[in-house]
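The structure file work-v1.tsv is reproduced below (TSV, C-alpha atoms).
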chain	number	residue	atom	x	y	z
A	385	MET	CA	-11.19	36.58	-24.11
A	386	ASP	CA	-10.46	34.22	-21.22
A	387	HIS	CA	-11.93	36.74	-18.83
A	388	ILE	CA	-15.13	36.99	-20.87
A	389	ALA	CA	-15.40	33.20	-20.95
A	390	ASP	CA	-14.84	33.05	-17.17
A	391	VAL	CA	-17.49	35.68	-16.56
A	392	GLN	CA	-19.94	33.87	-18.79
A	393	ALA	CA	-19.25	30.58	-17.01
A	394	ALA	CA	-19.54	32.15	-13.56
A	395	LEU	CA	-22.82	33.85	-14.38
A	396	SER	CA	-24.20	30.70	-16.03
A	397	ALA	CA	-23.46	28.72	-12.86
A	398	PHE	CA	-25.70	30.96	-10.80
A	399	ASP	CA	-29.22	29.70	-10.19
A	400	ALA	CA	-31.49	31.98	-8.16
A	401	ARG	CA	-33.83	29.04	-7.47
A	402	ALA	CA	-31.14	26.82	-5.96
A	403	THR	CA	-31.42	26.06	-2.26
A	404	ASP	CA	-27.93	27.45	-1.69
A	405	ALA	CA	-28.55	30.57	-3.81
A	406	ASP	CA	-27.17	32.89	-1.11
A	407	ASP	CA	-23.85	31.04	-1.00
A	408	ARG	CA	-23.65	30.99	-4.78
A	409	LEU	CA	-24.36	34.71	-4.91
A	410	SER	CA	-21.56	35.36	-2.42
A	411	SER	CA	-19.19	33.24	-4.47
A	412	LEU	CA	-20.11	35.13	-7.60
A	413	GLU	CA	-19.60	38.49	-5.89
A	414	ILE	CA	-16.24	37.36	-4.54
A	415	PHE	CA	-15.24	36.17	-8.00
A	416	PHE	CA	-15.81	39.68	-9.38
A	417	LEU	CA	-14.18	41.33	-6.37
A	418	LEU	CA	-11.09	39.15	-6.75
A	419	ARG	CA	-10.85	39.88	-10.46
A	420	SER	CA	-11.08	43.61	-9.78
A	421	PHE	CA	-9.33	43.78	-6.43
A	422	PRO	CA	-6.62	46.40	-7.19
A	423	LYS	CA	-9.19	48.54	-8.99
A	424	PHE	CA	-11.64	48.15	-6.12
A	425	ILE	CA	-9.05	49.22	-3.53
A	426	ALA	CA	-7.96	52.20	-5.63
A	427	ARG	CA	-11.56	53.23	-6.01
A	428	PHE	CA	-12.36	52.84	-2.31
A	429	ASN	CA	-9.30	54.83	-1.26
A	430	GLU	CA	-10.24	57.77	-3.46
A	431	ASP	CA	-12.23	59.15	-0.52
A	432	THR	CA	-9.06	60.85	0.72
A	433	ARG	CA	-9.08	62.99	-2.38
A	434	LEU	CA	-12.73	63.84	-1.88
A	435	CYS	CA	-12.34	64.67	1.79
A	436	GLY	CA	-9.26	66.85	1.75
A	437	GLY	CA	-6.91	64.14	2.99
A	438	LYS	CA	-9.21	62.47	5.51
A	439	ARG	CA	-11.05	59.22	5.21
A	440	LEU	CA	-14.78	59.58	4.65
A	441	PHE	CA	-15.55	57.63	7.83
A	442	GLU	CA	-13.35	60.06	9.80
A	443	VAL	CA	-15.28	63.03	8.41
A	444	ILE	CA	-18.55	61.34	9.31
A	445	ARG	CA	-17.46	60.50	12.84
A	446	GLU	CA	-16.23	64.04	13.47
A	447	TRP	CA	-19.57	65.46	12.48
A	448	ASN	CA	-21.29	67.48	15.15
A	449	PRO	CA	-24.76	68.03	13.74
A	450	ALA	CA	-26.85	71.04	14.49
A	451	ARG	CA	-30.43	70.46	15.45
A	452	GLY	CA	-33.39	72.00	13.70
A	453	ALA	CA	-32.50	71.03	10.15
A	454	LYS	CA	-35.37	70.50	7.77
A	455	ILE	CA	-35.61	66.71	7.81
A	456	LEU	CA	-39.12	65.36	7.97
A	457	PRO	CA	-39.32	62.31	10.28
A	458	ARG	CA	-39.84	59.12	8.29
A	459	LEU	CA	-40.48	55.54	9.34
A	460	PHE	CA	-39.45	52.48	7.30
A	461	ASP	CA	-39.93	48.75	7.58
A	462	TRP	CA	-36.79	46.91	8.61
A	463	PRO	CA	-35.23	45.49	5.45
A	464	ASP	CA	-34.03	41.87	5.60
A	465	TRP	CA	-30.41	42.79	4.89
A	466	LEU	CA	-30.33	45.14	7.88
A	467	VAL	CA	-31.80	42.53	10.20
A	468	GLN	CA	-29.02	40.12	9.24
A	469	PHE	CA	-26.22	42.56	10.06
A	470	LYS	CA	-25.15	42.06	13.65
A	471	ALA	CA	-21.98	44.17	13.83
A	472	LEU	CA	-23.59	47.57	13.44
A	473	PRO	CA	-24.23	50.46	15.84
A	474	PRO	CA	-27.77	50.70	17.27
A	475	ILE	CA	-30.36	51.27	14.56
A	476	PRO	CA	-32.78	54.09	15.40
A	477	SER	CA	-36.19	52.50	15.67
A	478	ARG	CA	-39.63	53.04	17.06
A	479	VAL	CA	-42.58	50.78	17.78
A	480	VAL	CA	-45.67	51.72	15.80
A	481	ASP	CA	-48.84	49.65	16.17
A	482	GLY	CA	-46.83	46.83	17.66
A	483	LYS	CA	-44.34	46.82	14.79
A	484	VAL	CA	-40.73	47.96	15.06
A	485	LYS	CA	-39.85	50.49	12.37
A	486	CYS	CA	-36.61	52.24	11.42
A	487	GLU	CA	-36.75	55.95	12.07
A	488	PHE	CA	-34.91	58.66	10.16
A	489	SER	CA	-35.32	62.17	11.49
A	490	ASP	CA	-33.42	65.22	12.62
A	491	VAL	CA	-32.95	63.51	15.99
A	492	THR	CA	-31.70	60.18	14.61
A	493	LYS	CA	-29.54	61.41	11.70
A	494	ARG	CA	-26.37	61.21	13.82
A	495	MET	CA	-27.05	57.54	14.61
A	496	TRP	CA	-27.58	56.75	10.95
A	497	SER	CA	-24.31	58.48	10.09
A	498	GLU	CA	-22.63	56.07	12.52
A	499	VAL	CA	-24.16	53.19	10.59
A	500	LEU	CA	-22.69	54.51	7.34
A	501	ALA	CA	-19.31	55.00	9.00
A	502	ALA	CA	-19.46	51.43	10.35
A	503	PHE	CA	-19.93	50.02	6.84
A	504	LEU	CA	-16.99	52.05	5.54
A	505	VAL	CA	-14.76	51.03	8.44
A	506	GLY	CA	-15.83	47.42	7.91
A	507	VAL	CA	-14.77	47.56	4.26
A	508	ASP	CA	-11.51	49.31	5.11
A	509	LYS	CA	-10.58	46.87	7.88
A	510	SER	CA	-11.43	43.85	5.76
A	511	ILE	CA	-9.24	45.12	2.91
A	512	GLY	CA	-6.40	45.39	5.44
A	513	ASP	CA	-7.09	41.85	6.69
A	514	VAL	CA	-7.01	40.44	3.16
A	515	LYS	CA	-3.72	42.18	2.39
A	516	LEU	CA	-2.19	41.05	5.67
A	517	ALA	CA	-3.19	37.43	5.16
A	518	ARG	CA	-1.97	37.45	1.57
A	519	GLY	CA	1.37	38.78	2.77
A	520	ARG	CA	1.83	35.54	4.72
A	521	GLY	CA	1.77	33.51	1.52
A	522	GLU	CA	0.38	29.99	1.58
A	523	GLU	CA	0.20	30.03	5.33
A	524	GLY	CA	-2.33	32.84	5.24
A	525	GLU	CA	-4.41	31.45	2.39
A	526	GLU	CA	-7.31	30.28	4.50
A	527	GLU	CA	-7.32	33.50	6.49
A	528	ALA	CA	-7.27	35.53	3.26
A	529	HIS	CA	-10.27	33.58	2.02
A	530	ARG	CA	-12.14	34.25	5.27
A	531	ALA	CA	-11.25	37.96	5.15
A	532	MET	CA	-12.43	38.13	1.55
A	533	ARG	CA	-15.81	36.72	2.52
A	534	GLN	CA	-15.98	39.28	5.32
A	535	LEU	CA	-15.07	42.06	2.91
A	536	ASN	CA	-17.79	40.92	0.57
A	537	GLU	CA	-20.37	40.98	3.36
A	538	TRP	CA	-19.47	44.58	4.21
A	539	CYS	CA	-19.54	45.59	0.56
A	540	ARG	CA	-22.91	44.01	0.00
A	541	GLY	CA	-24.27	45.71	3.13
A	542	LEU	CA	-22.93	49.04	1.92
A	543	TYR	CA	-24.52	48.42	-1.46
A	544	TYR	CA	-27.91	47.71	0.10
A	545	PHE	CA	-27.61	50.75	2.38
A	546	VAL	CA	-26.65	53.11	-0.45
A	547	TYR	CA	-29.46	51.85	-2.70
A	548	TRP	CA	-32.08	51.39	0.04
A	549	GLU	CA	-35.30	53.03	-1.07
A	550	ALA	CA	-35.44	54.89	2.26
A	551	GLY	CA	-32.73	57.11	0.73
A	552	ILE	CA	-31.01	57.66	4.07
A	553	VAL	CA	-27.46	57.77	2.68
A	554	GLN	CA	-28.47	60.26	0.03
A	555	LYS	CA	-30.24	62.44	2.62
A	556	LEU	CA	-27.28	62.33	5.00
A	557	LEU	CA	-24.92	63.41	2.23
A	558	THR	CA	-27.04	66.08	0.61
A	559	LYS	CA	-29.55	67.32	3.20
A	560	THR	CA	-27.37	67.61	6.29
A	561	THR	CA	-24.18	69.44	7.26
A	562	MET	CA	-22.25	66.16	7.52
A	563	LEU	CA	-19.77	67.04	4.78
A	564	ASN	CA	-19.50	70.76	5.49
A	565	SER	CA	-16.05	70.43	7.02
A	566	ILE	CA	-14.40	68.95	3.93
A	567	THR	CA	-12.53	71.17	1.56
A	568	VAL	CA	-12.53	70.08	-2.06
A	569	PRO	CA	-9.04	69.83	-3.52
A	570	ALA	CA	-8.60	72.35	-6.31
A	571	MET	CA	-7.82	69.68	-8.87
A	572	LEU	CA	-11.17	68.01	-8.31
A	573	ASP	CA	-12.93	71.28	-8.83
A	574	LYS	CA	-14.79	71.41	-12.11
A	575	THR	CA	-12.89	74.55	-13.11
A	576	ALA	CA	-9.47	73.08	-12.38
A	577	SER	CA	-9.19	70.37	-14.98
A	578	SER	CA	-7.24	72.58	-17.34
A	579	ARG	CA	-4.84	73.92	-14.72
A	580	CYS	CA	-1.32	72.63	-14.32
A	581	PRO	CA	-0.96	70.25	-11.40
A	582	ILE	CA	1.06	71.47	-8.42
A	583	ASP	CA	4.57	70.10	-8.31
A	584	VAL	CA	4.96	69.14	-4.67
A	585	SER	CA	8.57	68.13	-5.07
A	586	ASP	CA	9.50	71.76	-4.56
A	587	GLN	CA	7.63	72.09	-1.29
A	588	SER	CA	9.68	69.88	0.99
B	288	MET	CA	10.87	74.86	4.66
B	289	VAL	CA	8.28	73.59	7.13
B	290	CYS	CA	7.06	70.15	6.20
B	291	HIS	CA	3.39	69.37	6.64
B	292	PRO	CA	2.92	66.53	9.16
B	293	ASP	CA	0.81	64.65	6.62
B	294	PHE	CA	3.23	65.39	3.85
B	295	HIS	CA	2.93	62.05	2.12
B	296	LEU	CA	-0.83	62.30	2.13
B	297	VAL	CA	-0.72	65.86	0.87
B	298	ALA	CA	1.71	64.80	-1.83
B	299	GLY	CA	-0.71	62.06	-2.81
B	300	LEU	CA	-3.56	64.55	-2.97
B	301	ASN	CA	-1.66	66.83	-5.28
B	302	LYS	CA	-0.67	64.18	-7.76
B	303	PRO	CA	-1.75	64.98	-11.29
B	304	LEU	CA	-5.07	63.44	-12.14
B	305	THR	CA	-3.78	61.02	-14.71
B	306	ASP	CA	-5.55	57.87	-13.54
B	307	ASP	CA	-9.14	57.33	-14.58
B	308	GLU	CA	-10.41	56.85	-11.01
B	309	SER	CA	-9.43	60.37	-9.99
B	310	ALA	CA	-10.65	61.88	-13.21
B	311	GLU	CA	-14.04	60.28	-12.56
B	312	LEU	CA	-14.35	62.20	-9.32
B	313	ARG	CA	-14.20	65.67	-10.76
B	314	LEU	CA	-17.30	67.70	-10.04
B	315	GLU	CA	-19.93	67.29	-12.70
B	316	PRO	CA	-22.05	70.25	-13.79
B	317	ASP	CA	-24.51	71.28	-11.05
B	318	GLU	CA	-23.13	68.64	-8.68
B	319	ASN	CA	-22.47	69.47	-5.04
B	320	LYS	CA	-20.14	67.82	-2.53
B	321	GLY	CA	-22.77	65.46	-1.19
B	322	GLU	CA	-23.84	64.27	-4.61
B	323	ARG	CA	-20.26	63.62	-5.55
B	324	VAL	CA	-19.62	61.57	-2.42
B	325	LEU	CA	-22.79	59.61	-3.21
B	326	ARG	CA	-21.39	58.97	-6.67
B	327	TYR	CA	-18.15	57.83	-5.06
B	328	LEU	CA	-20.06	55.33	-2.89
B	329	LYS	CA	-21.97	54.01	-5.89
B	330	ARG	CA	-18.69	53.50	-7.73
B	331	VAL	CA	-17.33	51.52	-4.78
B	332	VAL	CA	-20.31	49.15	-4.80
B	333	ALA	CA	-20.65	49.05	-8.60
B	334	TRP	CA	-19.62	45.38	-8.80
B	335	HIS	CA	-22.30	44.37	-6.31
B	336	ALA	CA	-24.89	46.48	-8.08
B	337	ALA	CA	-24.01	44.77	-11.37
B	338	VAL	CA	-24.15	41.24	-9.93
B	339	ASP	CA	-27.41	41.98	-8.15
B	340	THR	CA	-28.96	43.35	-11.33
B	341	LEU	CA	-27.75	40.45	-13.49
B	342	CYS	CA	-28.76	37.74	-11.07
B	343	ASN	CA	-32.21	39.17	-10.48
B	344	HIS	CA	-32.97	39.72	-14.14
B	345	LYS	CA	-35.14	36.98	-15.56
B	346	THR	CA	-33.61	37.17	-19.03
B	347	THR	CA	-29.99	36.69	-17.91
B	348	PRO	CA	-29.98	32.86	-17.88
B	349	ARG	CA	-31.48	32.69	-21.38
B	350	LEU	CA	-29.06	35.30	-22.69
B	351	LEU	CA	-26.09	33.43	-21.29
B	352	GLU	CA	-27.19	30.22	-22.95
B	353	ASN	CA	-27.48	31.82	-26.36
B	354	ILE	CA	-24.77	34.43	-26.43
B	355	VAL	CA	-21.74	33.90	-28.67
B	356	VAL	CA	-18.70	36.01	-27.93
B	357	GLY	CA	-16.07	36.69	-30.54
B	358	VAL	CA	-13.06	38.98	-30.43
B	359	ILE	CA	-11.09	40.27	-33.36
B	360	GLU	CA	-8.14	42.59	-33.18
B	361	VAL	CA	-7.92	45.43	-35.63
B	362	SER	CA	-5.27	48.04	-36.10
B	363	ARG	CA	-6.02	51.52	-34.79
B	364	SER	CA	-5.80	52.87	-38.30
B	365	LEU	CA	-8.31	50.61	-39.90
B	366	SER	CA	-8.20	51.58	-43.52
B	367	SER	CA	-10.25	49.11	-45.48
B	368	VAL	CA	-12.58	46.18	-45.45
B	369	MET	CA	-9.73	43.97	-46.57
B	370	THR	CA	-7.69	44.81	-43.45
B	371	LEU	CA	-10.62	43.81	-41.32
B	372	SER	CA	-11.40	40.63	-43.22
B	373	ASP	CA	-7.73	39.56	-43.20
B	374	GLU	CA	-7.74	39.81	-39.43
B	375	PHE	CA	-11.08	38.04	-39.26
B	376	PHE	CA	-9.83	34.98	-41.14
B	377	VAL	CA	-6.70	34.81	-39.03
B	378	ARG	CA	-8.92	34.62	-35.97
B	379	PHE	CA	-11.62	32.40	-37.46
B	380	PRO	CA	-9.94	30.26	-40.14
B	381	GLN	CA	-12.89	27.86	-40.25
B	382	LYS	CA	-14.96	30.67	-41.78
B	383	VAL	CA	-12.78	30.82	-44.89
B	384	LYS	CA	-15.23	28.57	-46.69
B	385	SER	CA	-17.73	31.43	-46.41
B	386	HIS	CA	-15.12	33.92	-47.58
B	387	GLU	CA	-17.31	35.85	-49.97
B	388	ASP	CA	-20.24	36.13	-47.59
B	389	VAL	CA	-18.00	37.35	-44.78
B	390	VAL	CA	-16.31	39.98	-46.91
B	391	GLU	CA	-19.65	41.12	-48.21
B	392	THR	CA	-21.08	41.40	-44.71
B	393	LEU	CA	-18.06	43.31	-43.46
B	394	ALA	CA	-18.22	45.61	-46.47
B	395	ASP	CA	-21.87	46.32	-45.73
B	396	HIS	CA	-21.18	47.31	-42.16
B	397	CYS	CA	-17.67	48.72	-42.26
B	398	SER	CA	-17.79	52.48	-42.05
B	399	ASP	CA	-15.05	55.08	-42.28
B	400	THR	CA	-17.13	57.41	-40.16
B	401	PHE	CA	-17.70	54.94	-37.33
B	402	PRO	CA	-14.64	52.75	-36.91
B	403	GLY	CA	-15.66	51.59	-33.42
B	404	CYS	CA	-13.13	51.38	-30.63
B	405	VAL	CA	-10.95	48.85	-28.84
B	406	HIS	CA	-13.39	48.72	-25.92
B	407	ALA	CA	-15.84	46.24	-27.36
B	408	GLU	CA	-18.22	46.12	-24.39
B	409	ALA	CA	-18.53	49.90	-24.36
B	410	THR	CA	-19.13	49.92	-28.09
B	411	LEU	CA	-21.88	47.32	-27.83
B	412	MET	CA	-23.52	49.09	-24.91
B	413	GLY	CA	-23.29	52.34	-26.81
B	414	LEU	CA	-24.93	50.81	-29.87
B	415	LEU	CA	-27.73	49.25	-27.87
B	416	ASN	CA	-28.28	52.40	-25.89
B	417	TYR	CA	-28.19	54.49	-29.00
B	418	CYS	CA	-30.62	52.24	-30.80
B	419	SER	CA	-33.21	52.18	-28.02
B	420	HIS	CA	-32.73	55.89	-27.46
B	421	TYR	CA	-33.12	56.68	-31.13
B	422	LEU	CA	-36.29	54.65	-31.39
B	423	ALA	CA	-37.77	56.40	-28.37
B	424	HIS	CA	-36.63	59.94	-29.22
B	425	ALA	CA	-35.97	60.13	-32.92
B	426	SER	CA	-35.50	63.89	-32.74
B	427	GLN	CA	-32.80	63.82	-30.05
B	428	ASP	CA	-29.43	65.24	-30.93
B	429	VAL	CA	-27.12	62.31	-31.59
B	430	GLU	CA	-23.83	62.28	-33.36
B	431	ILE	CA	-24.08	59.28	-35.64
B	432	GLN	CA	-24.35	60.22	-39.22
B	433	ASN	CA	-26.54	57.44	-40.47
B	434	PRO	CA	-29.00	56.46	-37.72
B	435	GLU	CA	-31.09	54.24	-39.98
B	436	MET	CA	-28.07	52.14	-40.88
B	437	MET	CA	-27.17	51.88	-37.21
B	438	ARG	CA	-30.66	50.80	-36.31
B	439	GLN	CA	-30.55	48.04	-38.91
B	440	PHE	CA	-27.14	46.98	-37.72
B	441	VAL	CA	-28.32	46.58	-34.14
B	442	GLN	CA	-31.78	45.28	-35.00
B	443	PRO	CA	-31.02	41.55	-34.69
B	444	VAL	CA	-29.74	42.07	-31.15
B	445	CYS	CA	-32.79	44.07	-30.21
B	446	SER	CA	-35.09	41.45	-31.70
B	447	PHE	CA	-33.35	38.78	-29.73
B	448	LEU	CA	-33.69	40.70	-26.47
B	449	LEU	CA	-37.35	41.31	-27.13
B	450	SER	CA	-38.04	37.70	-27.94
B	451	VAL	CA	-36.36	36.58	-24.74
B	452	SER	CA	-38.12	39.08	-22.52
B	453	SER	CA	-41.48	38.22	-23.98
B	454	ASN	CA	-41.22	34.60	-22.88
Conversion result in structure tokens:
Amino acid sequence: MDHIADVQAALSAFDARATDADDRLSSLEIFFLLRSFPKFIARFNEDTRLCGGKRLFEVIREWNPARGAKILPRLFDWPDWLVQFKALPPIPSRVVDGKVKCEFSDVTKRMWSEVLAAFLVGVDKSIGDVKLARGRGEEGEEEAHRAMRQLNEWCRGLYYFVYWEAGIVQKLLTKTTMLNSITVPAMLDKTASSRCPIDVSDQS
Amino acid sequence: MVCHPDFHLVAGLNKPLTDDESAELRLEPDENKGERVLRYLKRVVAWHAAVDTLCNHKTTPRLLENIVVGVIEVSRSLSSVMTLSDEFFVRFPQKVKSHEDVVETLADHCSDTFPGCVHAEATLMGLLNYCSHYLAHASQDVEIQNPEMMRQFVQPVCSFLLSVSSN
């Protein structure tokens, strides 16, 4: 009940027309992240299950793409959120009629995969920074707050990238060979849900 | 026995899927690896997606001003209207003066075939979703035995949403 009241109060305090709407939005996002922090970390770390023991950003960075895949070259306007992100690898772009556009194609897919990996590494590192600062108790309080804001920035960037209408993340994941190297653990296979789990205590 | 160099990680991978996060990542029908990883990413940013949606929705401020949230606890084996009303008056003693009306209302809506669940938000979302779905596709296969009663039950909420969005 208290949580519902807090959520209602936090949402009510947000005003999209306020001059400091961006700051308020960040505060609201951090509020929800803080409330769900253990769940968020557990969810983020589930990539090791999906990727056969590796982190998703490791799988992406190890990718050695073959050329000649059927990706039609596409150009997109630079979205505002991407312009604001400074700590990213080079964004593939091309000048068309005097305007700089983002380019997704068979040639640039590797560069875009680096962008996705950078967001994931950013989230992962920021989680580590928050935990480290929290471990220092009161002394690390300010640092933890700063790291939390950083984490939120990476998360929001990842959110925009995943949901960007250009669909680059979706194309990388489903139209390229980027994930070919991962082996799906048997227990995540759709046919395995009724099998007995493996008792690893006997394997050491 | 030879120990895998990443033994701890391997051990972690082979843990039974008892937690809901892992269970959520099982392959869905007709889903491939890429689609599942995309689903994983969307789950990671779900909080930001929710905040973005809420804060960019023009009806949210009005809804927040008018919404009234109440919580009542009921036993898992809800057996009668009286059990429910007893709990109601413990939670909301000021409503005792409307005792008869409350009991009558609860009796009208209490159903042995649809006792609800402890996850109130999910129940409400399910009702709203069901109602809008039923209105749009009356012939769809749904598992609620009395759809007309459900529609009436949810109607005030729907009317409210419509009145807000029309302003």
(message) Considering all atoms listed in the file, can you say which of A:Ser411, A:Ser396, A:Phe460, A:Met562 comes closest to Asn536 of chain A?
(response) A:Ser411
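Taking atom CA of Tyr543 of chain A and atom CA of Phe415 of chain A as endpoints, the distance between them is 16.7 Å.
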(message) Between atom CA of Pro457 of chain A and atom CA of Pro474 of chain A, what distance in Å does the model show, to one decimal?
(response) 17.8 Å
(request) Tell me which protein, DNA and RNA residues are within 12 Å of Phe421 of chain A, counting all atoms listed in the file, leaving out same-chain ones fewer than 5 positions away, and put them as an MDAnalysis selection string. (result) (chainID A and resid 413:416 426:428 511 514:515 532 535:536) or (chainID B and resid 331 334)
(request) Can you work out the spacing between atom CA of Asp481 of chain A and atom CA of Leu459 of chain A in Å, to one decimal? (result)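 Atom CA of Asp481 of chain A sits 12.3 Å away from atom CA of Leu459 of chain A.
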If the box runs along x, y and z of the file and leaves 8 Å on each side of segment 499-517 of chain A, what are its centre and edge lengths in Å, one decimal, as JSON?
{"center_x": -13.2, "center_y": 46.2, "center_z": 6.5, "size_x": 38.0, "size_y": 33.6, "size_z": 24.2}
(request) Step by step: start from the point (-13.9, 56.4, -5.4) in the file's coordinates, keep every protein, DNA or RNA residue that has an atom no farther than 12 Å from it, count all atoms listed in the file, and write the set as a PyMOL selection string. (result) (chain A and resi 423-435+439-440) or (chain B and resi 306-313+323-333)
Using the selection just defined, write its residues with C-alpha atoms as a PDB file, in the coordinates of the input.
ATOM      1  CA  LYS A 423      -9.190  48.540  -8.990  1.00  0.00           C
ATOM      2  CA  PHE A 424     -11.640  48.150  -6.120  1.00  0.00           C
ATOM      3  CA  ILE A 425      -9.050  49.220  -3.530  1.00  0.00           C
ATOM      4  CA  ALA A 426      -7.960  52.200  -5.630  1.00  0.00           C
ATOM      5  CA  ARG A 427     -11.560  53.230  -6.010  1.00  0.00           C
ATOM      6  CA  PHE A 428     -12.360  52.840  -2.310  1.00  0.00           C
ATOM      7  CA  ASN A 429      -9.300  54.830  -1.260  1.00  0.00           C
ATOM      8  CA  GLU A 430     -10.240  57.770  -3.460  1.00  0.00           C
ATOM      9  CA  ASP A 431     -12.230  59.150  -0.520  1.00  0.00           C
ATOM     10  CA  THR A 432      -9.060  60.850   0.720  1.00  0.00           C
ATOM     11  CA  ARG A 433      -9.080  62.990  -2.380  1.00  0.00           C
ATOM     12  CA  LEU A 434     -12.730  63.840  -1.880  1.00  0.00           C
ATOM     13  CA  CYS A 435     -12.340  64.670   1.790  1.00  0.00           C
ATOM     14  CA  ARG A 439     -11.050  59.220   5.210  1.00  0.00           C
ATOM     15  CA  LEU A 440     -14.780  59.580   4.650  1.00  0.00           C
TER      16      LEU A 440
ATOM     17  CA  ASP B 306      -5.550  57.870 -13.540  1.00  0.00           C
ATOM     18  CA  ASP B 307      -9.140  57.330 -14.580  1.00  0.00           C
ATOM     19  CA  GLU B 308     -10.410  56.850 -11.010  1.00  0.00           C
ATOM     20  CA  SER B 309      -9.430  60.370  -9.990  1.00  0.00           C
ATOM     21  CA  ALA B 310     -10.650  61.880 -13.210  1.00  0.00           C
ATOM     22  CA  GLU B 311     -14.040  60.280 -12.560  1.00  0.00           C
ATOM     23  CA  LEU B 312     -14.350  62.200  -9.320  1.00  0.00           C
ATOM     24  CA  ARG B 313     -14.200  65.670 -10.760  1.00  0.00           C
ATOM     25  CA  ARG B 323     -20.260  63.620  -5.550  1.00  0.00           C
ATOM     26  CA  VAL B 324     -19.620  61.570  -2.420  1.00  0.00           C
ATOM     27  CA  LEU B 325     -22.790  59.610  -3.210  1.00  0.00           C
ATOM     28  CA  ARG B 326     -21.390  58.970  -6.670  1.00  0.00           C
ATOM     29  CA  TYR B 327     -18.150  57.830  -5.060  1.00  0.00           C
ATOM     30  CA  LEU B 328     -20.060  55.330  -2.890  1.00  0.00           C
ATOM     31  CA  LYS B 329     -21.970  54.010  -5.890  1.00  0.00           C
ATOM     32  CA  ARG B 330     -18.690  53.500  -7.730  1.00  0.00           C
ATOM     33  CA  VAL B 331     -17.330  51.520  -4.780  1.00  0.00           C
ATOM     34  CA  VAL B 332     -20.310  49.150  -4.800  1.00  0.00           C
ATOM     35  CA  ALA B 333     -20.650  49.050  -8.600  1.00  0.00           C
TER      36      ALA B 333
END
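Nearest to chain B of all the residues A:Leu417, A:Val484, A:Ala394, A:Leu516 is A:Leu417, counting only C-alpha atoms.
Distance annotation: of B:Pro316, B:Gly321, B:Asn343, B:Leu393, the residue with the minimal separation from Leu409 of chain A is B:Asn343; atom set is all atoms listed in the file.
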(message) Ranking A:Asp490, A:Glu498, A:Asp513, A:Asp508 by minimum distance to chain B and counting only C-alpha atoms, which one comes first?
(response)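 For chain B, the nearest of the given residues is A:Asp508.
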